[in-house]
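Q: Sharing target36.tsv, TSV, N, CA, C and O atoms:
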```
chain	number	residue	atom	x	y	z
B	1	TRP	N	14.59	-2.13	19.04
B	1	TRP	CA	15.00	-0.83	18.57
B	1	TRP	C	13.76	-0.02	18.26
B	1	TRP	O	12.86	-0.48	17.57
B	2	ILE	N	13.70	1.20	18.78
B	2	ILE	CA	12.55	2.07	18.57
B	2	ILE	C	13.03	3.33	17.88
B	2	ILE	O	13.99	3.96	18.32
B	3	ASP	N	12.37	3.69	16.80
B	3	ASP	CA	12.71	4.89	16.05
B	3	ASP	C	12.29	6.12	16.84
B	3	ASP	O	11.16	6.23	17.29
B	4	ALA	N	13.20	7.07	17.01
B	4	ALA	CA	12.91	8.29	17.77
B	4	ALA	C	11.83	9.12	17.09
B	4	ALA	O	11.16	9.92	17.74
B	5	GLN	N	11.64	8.94	15.79
B	5	GLN	CA	10.64	9.72	15.07
B	5	GLN	C	9.23	9.25	15.39
B	5	GLN	O	8.29	10.00	15.22
B	6	THR	N	9.07	8.02	15.84
B	6	THR	CA	7.72	7.51	16.07
B	6	THR	C	7.44	7.22	17.53
B	6	THR	O	6.37	6.73	17.85
B	7	THR	N	8.36	7.51	18.44
B	7	THR	CA	8.10	7.26	19.84
B	7	THR	C	7.10	8.29	20.38
B	7	THR	O	7.03	9.41	19.92
B	8	VAL	N	6.34	7.85	21.35
B	8	VAL	CA	5.33	8.72	21.94
B	8	VAL	C	5.87	9.29	23.23
B	8	VAL	O	6.37	8.57	24.09
B	9	GLY	N	5.76	10.61	23.35
B	9	GLY	CA	6.25	11.30	24.53
B	9	GLY	C	5.22	11.29	25.65
B	9	GLY	O	4.15	10.69	25.54
B	10	PRO	N	5.52	11.99	26.75
B	10	PRO	CA	4.62	11.99	27.90
B	10	PRO	C	3.26	12.61	27.60
B	10	PRO	O	2.28	12.31	28.25
B	11	SER	N	3.18	13.48	26.61
B	11	SER	CA	1.89	14.11	26.27
B	11	SER	C	1.03	13.23	25.39
B	11	SER	O	-0.10	13.58	25.08
B	12	GLY	N	1.54	12.08	24.94
B	12	GLY	CA	0.78	11.18	24.09
B	12	GLY	C	0.88	11.50	22.61
B	12	GLY	O	0.23	10.88	21.80
B	13	VAL	N	1.70	12.49	22.26
B	13	VAL	CA	1.87	12.89	20.87
B	13	VAL	C	3.20	12.35	20.38
B	13	VAL	O	4.21	12.46	21.07
B	14	SER	N	3.20	11.77	19.18
B	14	SER	CA	4.44	11.21	18.67
B	14	SER	C	5.46	12.33	18.39
B	14	SER	O	5.09	13.47	18.12
B	15	GLU	N	6.70	11.99	18.49
B	15	GLU	CA	7.78	12.95	18.24
B	15	GLU	C	7.69	13.50	16.82
B	15	GLU	O	7.89	14.69	16.59
B	16	ARG	N	7.39	12.64	15.86
B	16	ARG	CA	7.27	13.08	14.47
B	16	ARG	C	6.14	14.09	14.31
B	16	ARG	O	6.28	15.10	13.66
B	17	ARG	N	4.99	13.84	14.94
B	17	ARG	CA	3.85	14.76	14.85
B	17	ARG	C	4.17	16.08	15.54
B	17	ARG	O	3.82	17.14	15.05
B	18	ARG	N	4.83	16.03	16.69
B	18	ARG	CA	5.17	17.25	17.42
B	18	ARG	C	6.09	18.13	16.59
B	18	ARG	O	5.89	19.35	16.47
B	19	LYS	N	7.09	17.52	15.95
B	19	LYS	CA	8.00	18.29	15.11
B	19	LYS	C	7.29	18.82	13.87
B	19	LYS	O	7.55	19.94	13.43
B	20	ALA	N	6.37	18.04	13.31
B	20	ALA	CA	5.64	18.48	12.12
B	20	ALA	C	4.74	19.66	12.43
B	20	ALA	O	4.63	20.59	11.64
B	21	GLU	N	4.09	19.63	13.58
B	21	GLU	CA	3.20	20.73	13.95
B	21	GLU	C	3.95	22.01	14.28
B	21	GLU	O	3.39	23.09	14.22
B	22	ALA	N	5.22	21.87	14.62
B	22	ALA	CA	6.02	23.05	14.97
B	22	ALA	C	6.47	23.83	13.74
B	22	ALA	O	6.79	25.01	13.84
B	23	ARG	N	6.49	23.19	12.58
B	23	ARG	CA	6.93	23.90	11.37
B	23	ARG	C	5.73	24.14	10.46
B	23	ARG	O	4.78	23.37	10.45
B	24	PRO	N	5.76	25.24	9.70
B	24	PRO	CA	4.64	25.52	8.80
B	24	PRO	C	4.59	24.49	7.67
B	24	PRO	O	5.61	23.93	7.29
B	25	ILE	N	3.39	24.29	7.16
B	25	ILE	CA	3.25	23.33	6.07
B	25	ILE	C	3.90	23.89	4.81
B	25	ILE	O	3.79	25.07	4.52
B	26	ALA	N	4.59	23.04	4.12
B	26	ALA	CA	5.28	23.45	2.90
B	26	ALA	C	4.31	23.48	1.72
B	26	ALA	O	3.23	22.92	1.77
B	27	TYR	N	4.71	24.14	0.69
B	27	TYR	CA	3.95	24.17	-0.54
B	27	TYR	C	3.82	22.75	-1.08
B	27	TYR	O	4.79	22.00	-1.11
B	28	VAL	N	2.64	22.38	-1.48
B	28	VAL	CA	2.40	21.05	-2.02
B	28	VAL	C	2.17	21.18	-3.53
B	28	VAL	O	1.18	21.78	-3.95
B	29	PRO	N	3.08	20.68	-4.36
B	29	PRO	CA	2.94	20.81	-5.81
B	29	PRO	C	1.68	20.11	-6.33
B	29	PRO	O	1.30	19.05	-5.84
B	30	HIS	N	1.05	20.70	-7.32
B	30	HIS	CA	-0.14	20.11	-7.94
B	30	HIS	C	0.20	18.77	-8.57
B	30	HIS	O	1.28	18.57	-9.10
B	31	GLY	N	-0.74	17.86	-8.45
B	31	GLY	CA	-0.58	16.55	-9.08
B	31	GLY	C	0.06	15.50	-8.19
B	31	GLY	O	0.04	14.33	-8.53
B	32	THR	N	0.63	15.91	-7.06
B	32	THR	CA	1.23	14.92	-6.17
B	32	THR	C	0.13	14.20	-5.40
B	32	THR	O	-1.00	14.67	-5.30
B	33	THR	N	0.47	13.07	-4.84
B	33	THR	CA	-0.50	12.31	-4.07
B	33	THR	C	-0.98	13.10	-2.87
B	33	THR	O	-2.17	13.10	-2.55
B	34	LYS	N	-0.06	13.80	-2.20
B	34	LYS	CA	-0.44	14.61	-1.04
B	34	LYS	C	-1.44	15.69	-1.45
B	34	LYS	O	-2.42	15.94	-0.76
B	35	TRP	N	-1.20	16.33	-2.59
B	35	TRP	CA	-2.11	17.37	-3.08
B	35	TRP	C	-3.49	16.78	-3.36
B	35	TRP	O	-4.51	17.37	-3.04
B	36	LYS	N	-3.53	15.58	-3.97
B	36	LYS	CA	-4.80	14.93	-4.28
B	36	LYS	C	-5.59	14.65	-3.00
B	36	LYS	O	-6.81	14.86	-2.95
B	37	VAL	N	-4.90	14.18	-1.97
B	37	VAL	CA	-5.55	13.87	-0.70
B	37	VAL	C	-6.10	15.16	-0.06
B	37	VAL	O	-7.25	15.20	0.38
B	38	VAL	N	-5.30	16.21	-0.03
B	38	VAL	CA	-5.73	17.48	0.57
B	38	VAL	C	-6.93	18.04	-0.18
B	38	VAL	O	-7.92	18.47	0.43
B	39	GLU	N	-6.88	18.06	-1.50
B	39	GLU	CA	-7.99	18.59	-2.29
B	39	GLU	C	-9.26	17.75	-2.12
B	39	GLU	O	-10.36	18.29	-2.03
B	40	TYR	N	-9.09	16.44	-2.06
B	40	TYR	CA	-10.25	15.56	-1.86
B	40	TYR	C	-10.92	15.85	-0.52
B	40	TYR	O	-12.14	15.94	-0.42
B	41	LEU	N	-10.09	16.01	0.53
B	41	LEU	CA	-10.65	16.26	1.86
B	41	LEU	C	-11.19	17.68	2.01
B	41	LEU	O	-12.00	17.93	2.89
B	42	ARG	N	-10.77	18.60	1.17
B	42	ARG	CA	-11.39	19.93	1.18
B	42	ARG	C	-12.80	19.86	0.59
B	42	ARG	O	-13.67	20.62	0.99
B	43	GLU	N	-13.02	18.97	-0.36
B	43	GLU	CA	-14.33	18.82	-0.99
B	43	GLU	C	-15.25	17.90	-0.19
B	43	GLU	O	-16.46	18.06	-0.22
B	44	HIS	N	-14.68	16.92	0.49
B	44	HIS	CA	-15.45	15.95	1.26
B	44	HIS	C	-14.99	16.04	2.72
B	44	HIS	O	-13.81	15.85	2.99
B	45	PRO	N	-15.89	16.30	3.65
B	45	PRO	CA	-15.47	16.47	5.05
B	45	PRO	C	-14.83	15.24	5.68
B	45	PRO	O	-14.00	15.38	6.56
B	46	ARG	N	-15.19	14.06	5.20
B	46	ARG	CA	-14.63	12.83	5.77
B	46	ARG	C	-14.42	11.84	4.64
B	46	ARG	O	-15.25	11.72	3.75
B	47	ALA	N	-13.30	11.13	4.70
B	47	ALA	CA	-12.99	10.13	3.67
B	47	ALA	C	-12.60	8.82	4.33
B	47	ALA	O	-11.97	8.81	5.39
B	48	SER	N	-12.95	7.73	3.69
B	48	SER	CA	-12.54	6.42	4.19
B	48	SER	C	-11.17	6.07	3.62
B	48	SER	O	-10.70	6.69	2.67
B	49	SER	N	-10.56	5.07	4.20
B	49	SER	CA	-9.25	4.65	3.70
B	49	SER	C	-9.36	4.14	2.26
B	49	SER	O	-8.45	4.34	1.47
B	50	SER	N	-10.49	3.54	1.90
B	50	SER	CA	-10.65	3.09	0.52
B	50	SER	C	-10.77	4.28	-0.44
B	50	SER	O	-10.30	4.20	-1.58
B	51	ASP	N	-11.37	5.40	0.01
B	51	ASP	CA	-11.41	6.61	-0.81
B	51	ASP	C	-10.00	7.12	-1.07
B	51	ASP	O	-9.65	7.50	-2.19
B	52	LEU	N	-9.19	7.13	-0.02
B	52	LEU	CA	-7.81	7.62	-0.15
B	52	LEU	C	-6.97	6.67	-1.00
B	52	LEU	O	-6.12	7.11	-1.77
B	53	LYS	N	-7.20	5.38	-0.87
B	53	LYS	CA	-6.47	4.41	-1.69
B	53	LYS	C	-6.82	4.57	-3.16
B	53	LYS	O	-5.97	4.37	-4.03
B	54	ALA	N	-8.07	4.95	-3.45
B	54	ALA	CA	-8.47	5.18	-4.84
B	54	ALA	C	-7.74	6.37	-5.45
B	54	ALA	O	-7.61	6.47	-6.67
B	55	LEU	N	-7.24	7.27	-4.61
B	55	LEU	CA	-6.46	8.42	-5.08
B	55	LEU	C	-5.00	8.06	-5.35
B	55	LEU	O	-4.24	8.88	-5.84
B	56	GLY	N	-4.61	6.84	-4.99
B	56	GLY	CA	-3.25	6.40	-5.25
B	56	GLY	C	-2.37	6.30	-4.02
B	56	GLY	O	-1.16	6.14	-4.13
B	57	THR	N	-2.95	6.40	-2.83
B	57	THR	CA	-2.14	6.30	-1.62
B	57	THR	C	-2.06	4.84	-1.17
B	57	THR	O	-2.86	4.00	-1.57
B	58	THR	N	-1.11	4.59	-0.32
B	58	THR	CA	-0.98	3.28	0.32
B	58	THR	C	-1.31	3.45	1.80
B	58	THR	O	-1.37	4.57	2.30
B	59	ARG	N	-1.50	2.36	2.50
B	59	ARG	CA	-1.80	2.48	3.92
B	59	ARG	C	-0.62	3.06	4.69
B	59	ARG	O	-0.80	3.77	5.67
B	60	GLN	N	0.59	2.79	4.21
B	60	GLN	CA	1.77	3.36	4.86
B	60	GLN	C	1.81	4.88	4.67
B	60	GLN	O	2.16	5.61	5.58
B	61	TYR	N	1.45	5.35	3.46
B	61	TYR	CA	1.47	6.77	3.18
B	61	TYR	C	0.37	7.49	3.97
B	61	TYR	O	0.58	8.60	4.45
B	62	ILE	N	-0.78	6.83	4.13
B	62	ILE	CA	-1.84	7.40	4.95
B	62	ILE	C	-1.35	7.57	6.39
B	62	ILE	O	-1.59	8.60	7.03
B	63	SER	N	-0.63	6.59	6.88
B	63	SER	CA	-0.07	6.66	8.23
B	63	SER	C	0.92	7.82	8.36
B	63	SER	O	0.93	8.54	9.37
B	64	LEU	N	1.76	8.03	7.35
B	64	LEU	CA	2.71	9.14	7.37
B	64	LEU	C	2.00	10.48	7.32
B	64	LEU	O	2.40	11.44	8.00
B	65	LEU	N	0.94	10.59	6.53
B	65	LEU	CA	0.18	11.84	6.48
B	65	LEU	C	-0.46	12.14	7.83
B	65	LEU	O	-0.53	13.30	8.25
B	66	CYS	N	-0.90	11.11	8.53
B	66	CYS	CA	-1.43	11.30	9.89
B	66	CYS	C	-0.34	11.76	10.84
B	66	CYS	O	-0.54	12.68	11.64
B	67	ALA	N	0.82	11.12	10.77
B	67	ALA	CA	1.92	11.47	11.65
B	67	ALA	C	2.42	12.89	11.40
B	67	ALA	O	2.86	13.57	12.33
B	68	ASP	N	2.32	13.36	10.17
B	68	ASP	CA	2.76	14.72	9.84
B	68	ASP	C	1.67	15.77	10.08
B	68	ASP	O	1.91	16.95	9.88
B	69	GLY	N	0.48	15.35	10.46
B	69	GLY	CA	-0.59	16.29	10.74
B	69	GLY	C	-1.33	16.79	9.52
B	69	GLY	O	-2.12	17.73	9.61
B	70	ILE	N	-1.11	16.17	8.37
B	70	ILE	CA	-1.81	16.57	7.15
B	70	ILE	C	-3.26	16.10	7.21
B	70	ILE	O	-4.17	16.82	6.82
B	71	ILE	N	-3.48	14.88	7.70
B	71	ILE	CA	-4.82	14.37	7.90
B	71	ILE	C	-4.93	13.87	9.34
B	71	ILE	O	-3.93	13.57	9.98
B	72	ASP	N	-6.15	13.81	9.85
B	72	ASP	CA	-6.42	13.29	11.18
B	72	ASP	C	-7.31	12.07	11.08
B	72	ASP	O	-8.28	12.07	10.32
B	73	ARG	N	-7.00	11.06	11.87
B	73	ARG	CA	-7.83	9.86	11.92
B	73	ARG	C	-8.97	10.12	12.90
B	73	ARG	O	-8.73	10.48	14.05
B	74	VAL	N	-10.20	9.98	12.44
B	74	VAL	CA	-11.36	10.25	13.29
B	74	VAL	C	-12.10	8.98	13.69
B	74	VAL	O	-13.02	9.04	14.49
B	75	GLY	N	-11.72	7.88	13.14
B	75	GLY	CA	-12.34	6.60	13.46
B	75	GLY	C	-11.62	5.52	12.69
B	75	GLY	O	-10.71	5.79	11.90
B	76	PHE	N	-12.02	4.29	12.93
B	76	PHE	CA	-11.38	3.18	12.24
B	76	PHE	C	-11.60	3.31	10.74
B	76	PHE	O	-12.71	3.12	10.25
B	77	GLY	N	-10.55	3.69	10.01
B	77	GLY	CA	-10.63	3.79	8.56
B	77	GLY	C	-11.21	5.08	8.03
B	77	GLY	O	-11.49	5.19	6.84
B	78	TYR	N	-11.40	6.11	8.88
B	78	TYR	CA	-11.95	7.39	8.44
B	78	TYR	C	-11.02	8.53	8.81
B	78	TYR	O	-10.44	8.54	9.89
B	79	TYR	N	-10.91	9.49	7.90
B	79	TYR	CA	-9.96	10.58	8.05
B	79	TYR	C	-10.59	11.92	7.67
B	79	TYR	O	-11.51	11.97	6.86
B	80	THR	N	-10.08	12.99	8.29
B	80	THR	CA	-10.47	14.36	7.94
B	80	THR	C	-9.19	15.15	7.67
B	80	THR	O	-8.09	14.69	7.95
B	81	LEU	N	-9.36	16.36	7.19
B	81	LEU	CA	-8.23	17.23	6.94
B	81	LEU	C	-7.61	17.63	8.27
B	81	LEU	O	-8.31	17.96	9.23
B	82	GLY	N	-6.29	17.58	8.34
B	82	GLY	CA	-5.59	17.88	9.58
B	82	GLY	C	-5.58	19.36	9.92
B	82	GLY	O	-5.84	20.23	9.09
B	83	LYS	N	-5.27	19.65	11.18
B	83	LYS	CA	-5.25	21.03	11.67
B	83	LYS	C	-4.22	21.88	10.95
B	83	LYS	O	-4.39	23.08	10.82
B	84	ARG	N	-3.16	21.27	10.47
B	84	ARG	CA	-2.09	22.03	9.82
B	84	ARG	C	-2.50	22.60	8.47
B	84	ARG	O	-1.90	23.55	8.01
B	85	VAL	N	-3.52	22.04	7.84
B	85	VAL	CA	-3.91	22.52	6.52
B	85	VAL	C	-5.33	23.07	6.47
B	85	VAL	O	-5.73	23.61	5.45
B	86	ARG	N	-6.09	22.97	7.55
B	86	ARG	CA	-7.45	23.52	7.57
B	86	ARG	C	-7.40	25.03	7.42
B	86	ARG	O	-6.60	25.70	8.05
B	87	GLY	N	-8.25	25.55	6.59
B	87	GLY	CA	-8.34	27.01	6.43
B	87	GLY	C	-7.32	27.60	5.49
B	87	GLY	O	-7.37	28.78	5.18
B	88	ARG	N	-6.37	26.82	5.03
B	88	ARG	CA	-5.38	27.32	4.07
B	88	ARG	C	-5.90	27.08	2.66
B	88	ARG	O	-6.59	26.13	2.40
B	89	SER	N	-5.55	27.95	1.76
B	89	SER	CA	-6.02	27.78	0.38
B	89	SER	C	-4.88	27.40	-0.53
B	89	SER	O	-3.76	27.36	-0.17
```
Let's see the structure in the file written out as structure tokens.
A:
Amino acid sequence: WIDAQTTVGPSGVSERRRKAEARPIAYVPHGTTKWKVVEYLREHPRASSSDLKALGTTRQYISLLCADGIIDRVGFGYYTLGKRVRGRS
């Protein structure tokens, strides 16, 4: 059984990521884990998975943030701010 949200289409982009990029990013309330990750990556151009885990994330949540386009994986265990949130204040 394969979840339709995580299957990869012919363009190599997951269905979940494609749908996430099609909609504007929602307001992220202060104090949430997602907000902490976004603010950390605005201050630091690149973060390791251990940096993100220190903020209170899990490896599963990091994977979901990647799938939603909030962060981008740039190497094994390294992440940057995703295209959906770059340049937004």
Q: List every residue of segment 28-65 of chain B that has an atom at most 8 Å from any atom of segment 70-76 of chain B, giving for each one its closest atom pair and the distance in Å to one decimal, counting only N, CA, C and O atoms, sorted by chain and then by ascending residue number, as JSON lines.
A:
```
{"residue": "B:Lys34", "atom": "O", "partner": "B:Ile70", "partner_atom": "O", "distance": 7.8}
{"residue": "B:Val37", "atom": "O", "partner": "B:Ile70", "partner_atom": "O", "distance": 7.3}
{"residue": "B:Val38", "atom": "CA", "partner": "B:Ile70", "partner_atom": "O", "distance": 6.5}
{"residue": "B:Pro45", "atom": "O", "partner": "B:Asp72", "partner_atom": "O", "distance": 7.6}
{"residue": "B:Arg46", "atom": "CA", "partner": "B:Asp72", "partner_atom": "O", "distance": 7.8}
{"residue": "B:Ala47", "atom": "O", "partner": "B:Asp72", "partner_atom": "O", "distance": 7.0}
{"residue": "B:Ser48", "atom": "CA", "partner": "B:Phe76", "partner_atom": "O", "distance": 6.9}
{"residue": "B:Ser49", "atom": "N", "partner": "B:Phe76", "partner_atom": "O", "distance": 6.7}
{"residue": "B:Ile62", "atom": "O", "partner": "B:Ile71", "partner_atom": "O", "distance": 6.2}
{"residue": "B:Ser63", "atom": "O", "partner": "B:Ile71", "partner_atom": "O", "distance": 7.0}
{"residue": "B:Leu64", "atom": "O", "partner": "B:Ile70", "partner_atom": "N", "distance": 5.9}
{"residue": "B:Leu65", "atom": "O", "partner": "B:Ile70", "partner_atom": "N", "distance": 2.9}
```
Q: So how far away is atom O of Arg18 of chain B from atom C of Lys53 of chain B, in Å?
A: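 About the pair atom C of Lys53 of chain B and atom O of Arg18 of chain B: they are 27.7 Å apart.
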Q: Could you jot down the atom CA of His44 of chain B to atom N of Glu15 of chain B separation for me, Å, one decimal place?
A: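 Taking atom CA of His44 of chain B and atom N of Glu15 of chain B, their separation equals 28.3 Å.
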Q: By how many Å are atom O of Lys36 of chain B and atom O of Gly56 of chain B apart?
A: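 Distance reported for this atom pair: 10.5 Å.
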Q: Please produce segment 62-73 of chain B, completed to all heavy atoms, as a PDB file, in the coordinates of the input.
A:
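Output file rebuild.pdb is given in full below:
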```pdb
ATOM      1  N   ILE B  62      -0.780   6.830   4.130  1.00  0.00           N
ATOM      2  CA  ILE B  62      -1.840   7.400   4.950  1.00  0.00           C
ATOM      3  C   ILE B  62      -1.350   7.570   6.390  1.00  0.00           C
ATOM      4  O   ILE B  62      -1.590   8.600   7.030  1.00  0.00           O
ATOM      5  CB  ILE B  62      -3.104   6.515   4.899  1.00  0.00           C
ATOM      6  CG1 ILE B  62      -3.718   6.559   3.498  1.00  0.00           C
ATOM      7  CG2 ILE B  62      -4.123   6.938   5.942  1.00  0.00           C
ATOM      8  CD1 ILE B  62      -4.829   5.553   3.271  1.00  0.00           C
ATOM      9  N   SER B  63      -0.630   6.590   6.880  1.00  0.00           N
ATOM     10  CA  SER B  63      -0.070   6.660   8.230  1.00  0.00           C
ATOM     11  C   SER B  63       0.920   7.820   8.360  1.00  0.00           C
ATOM     12  O   SER B  63       0.930   8.540   9.370  1.00  0.00           O
ATOM     13  CB  SER B  63       0.606   5.335   8.575  1.00  0.00           C
ATOM     14  OG  SER B  63       1.188   5.386   9.838  1.00  0.00           O
ATOM     15  N   LEU B  64       1.760   8.030   7.350  1.00  0.00           N
ATOM     16  CA  LEU B  64       2.710   9.140   7.370  1.00  0.00           C
ATOM     17  C   LEU B  64       2.000  10.480   7.320  1.00  0.00           C
ATOM     18  O   LEU B  64       2.400  11.440   8.000  1.00  0.00           O
ATOM     19  CB  LEU B  64       3.689   9.033   6.204  1.00  0.00           C
ATOM     20  CG  LEU B  64       4.757   7.970   6.321  1.00  0.00           C
ATOM     21  CD1 LEU B  64       5.592   7.911   5.039  1.00  0.00           C
ATOM     22  CD2 LEU B  64       5.649   8.243   7.512  1.00  0.00           C
ATOM     23  N   LEU B  65       0.940  10.590   6.530  1.00  0.00           N
ATOM     24  CA  LEU B  65       0.180  11.840   6.480  1.00  0.00           C
ATOM     25  C   LEU B  65      -0.460  12.140   7.830  1.00  0.00           C
ATOM     26  O   LEU B  65      -0.530  13.300   8.250  1.00  0.00           O
ATOM     27  CB  LEU B  65      -0.903  11.763   5.387  1.00  0.00           C
ATOM     28  CG  LEU B  65      -0.412  11.749   3.938  1.00  0.00           C
ATOM     29  CD1 LEU B  65      -1.588  11.568   2.988  1.00  0.00           C
ATOM     30  CD2 LEU B  65       0.364  13.005   3.603  1.00  0.00           C
ATOM     31  N   CYS B  66      -0.900  11.110   8.530  1.00  0.00           N
ATOM     32  CA  CYS B  66      -1.430  11.300   9.890  1.00  0.00           C
ATOM     33  C   CYS B  66      -0.340  11.760  10.840  1.00  0.00           C
ATOM     34  O   CYS B  66      -0.540  12.680  11.640  1.00  0.00           O
ATOM     35  CB  CYS B  66      -2.045  10.009  10.409  1.00  0.00           C
ATOM     36  SG  CYS B  66      -3.639   9.618   9.712  1.00  0.00           S
ATOM     37  N   ALA B  67       0.820  11.120  10.770  1.00  0.00           N
ATOM     38  CA  ALA B  67       1.920  11.470  11.650  1.00  0.00           C
ATOM     39  C   ALA B  67       2.420  12.890  11.400  1.00  0.00           C
ATOM     40  O   ALA B  67       2.860  13.570  12.330  1.00  0.00           O
ATOM     41  CB  ALA B  67       3.070  10.482  11.473  1.00  0.00           C
ATOM     42  N   ASP B  68       2.320  13.360  10.170  1.00  0.00           N
ATOM     43  CA  ASP B  68       2.760  14.720   9.840  1.00  0.00           C
ATOM     44  C   ASP B  68       1.670  15.770  10.080  1.00  0.00           C
ATOM     45  O   ASP B  68       1.910  16.950   9.880  1.00  0.00           O
ATOM     46  CB  ASP B  68       3.212  14.795   8.374  1.00  0.00           C
ATOM     47  CG  ASP B  68       4.559  14.132   8.164  1.00  0.00           C
ATOM     48  OD1 ASP B  68       5.290  13.951   9.155  1.00  0.00           O
ATOM     49  OD2 ASP B  68       4.879  13.804   7.010  1.00  0.00           O
ATOM     50  N   GLY B  69       0.480  15.350  10.460  1.00  0.00           N
ATOM     51  CA  GLY B  69      -0.590  16.290  10.740  1.00  0.00           C
ATOM     52  C   GLY B  69      -1.330  16.790   9.520  1.00  0.00           C
ATOM     53  O   GLY B  69      -2.120  17.730   9.610  1.00  0.00           O
ATOM     54  N   ILE B  70      -1.110  16.170   8.370  1.00  0.00           N
ATOM     55  CA  ILE B  70      -1.810  16.570   7.150  1.00  0.00           C
ATOM     56  C   ILE B  70      -3.260  16.100   7.210  1.00  0.00           C
ATOM     57  O   ILE B  70      -4.170  16.820   6.820  1.00  0.00           O
ATOM     58  CB  ILE B  70      -1.113  16.005   5.898  1.00  0.00           C
ATOM     59  CG1 ILE B  70       0.371  16.414   5.856  1.00  0.00           C
ATOM     60  CG2 ILE B  70      -1.837  16.428   4.632  1.00  0.00           C
ATOM     61  CD1 ILE B  70       0.602  17.906   5.781  1.00  0.00           C
ATOM     62  N   ILE B  71      -3.480  14.880   7.700  1.00  0.00           N
ATOM     63  CA  ILE B  71      -4.820  14.370   7.900  1.00  0.00           C
ATOM     64  C   ILE B  71      -4.930  13.870   9.340  1.00  0.00           C
ATOM     65  O   ILE B  71      -3.930  13.570   9.980  1.00  0.00           O
ATOM     66  CB  ILE B  71      -5.177  13.244   6.900  1.00  0.00           C
ATOM     67  CG1 ILE B  71      -4.235  12.053   7.038  1.00  0.00           C
ATOM     68  CG2 ILE B  71      -5.186  13.771   5.480  1.00  0.00           C
ATOM     69  CD1 ILE B  71      -4.607  10.866   6.136  1.00  0.00           C
ATOM     70  N   ASP B  72      -6.150  13.810   9.850  1.00  0.00           N
ATOM     71  CA  ASP B  72      -6.420  13.290  11.180  1.00  0.00           C
ATOM     72  C   ASP B  72      -7.310  12.070  11.080  1.00  0.00           C
ATOM     73  O   ASP B  72      -8.280  12.070  10.320  1.00  0.00           O
ATOM     74  CB  ASP B  72      -7.127  14.343  12.050  1.00  0.00           C
ATOM     75  CG  ASP B  72      -6.233  15.496  12.441  1.00  0.00           C
ATOM     76  OD1 ASP B  72      -5.007  15.283  12.561  1.00  0.00           O
ATOM     77  OD2 ASP B  72      -6.764  16.608  12.630  1.00  0.00           O
ATOM     78  N   ARG B  73      -7.000  11.060  11.870  1.00  0.00           N
ATOM     79  CA  ARG B  73      -7.830   9.860  11.920  1.00  0.00           C
ATOM     80  C   ARG B  73      -8.970  10.120  12.900  1.00  0.00           C
ATOM     81  O   ARG B  73      -8.730  10.480  14.050  1.00  0.00           O
ATOM     82  CB  ARG B  73      -6.998   8.671  12.375  1.00  0.00           C
ATOM     83  CG  ARG B  73      -7.759   7.385  12.379  1.00  0.00           C
ATOM     84  CD  ARG B  73      -6.876   6.231  12.733  1.00  0.00           C
ATOM     85  NE  ARG B  73      -7.687   5.032  12.804  1.00  0.00           N
ATOM     86  CZ  ARG B  73      -7.310   3.942  13.423  1.00  0.00           C
ATOM     87  NH1 ARG B  73      -6.143   3.882  14.009  1.00  0.00           N
ATOM     88  NH2 ARG B  73      -8.103   2.906  13.454  1.00  0.00           N
TER      89      ARG B  73
END
```
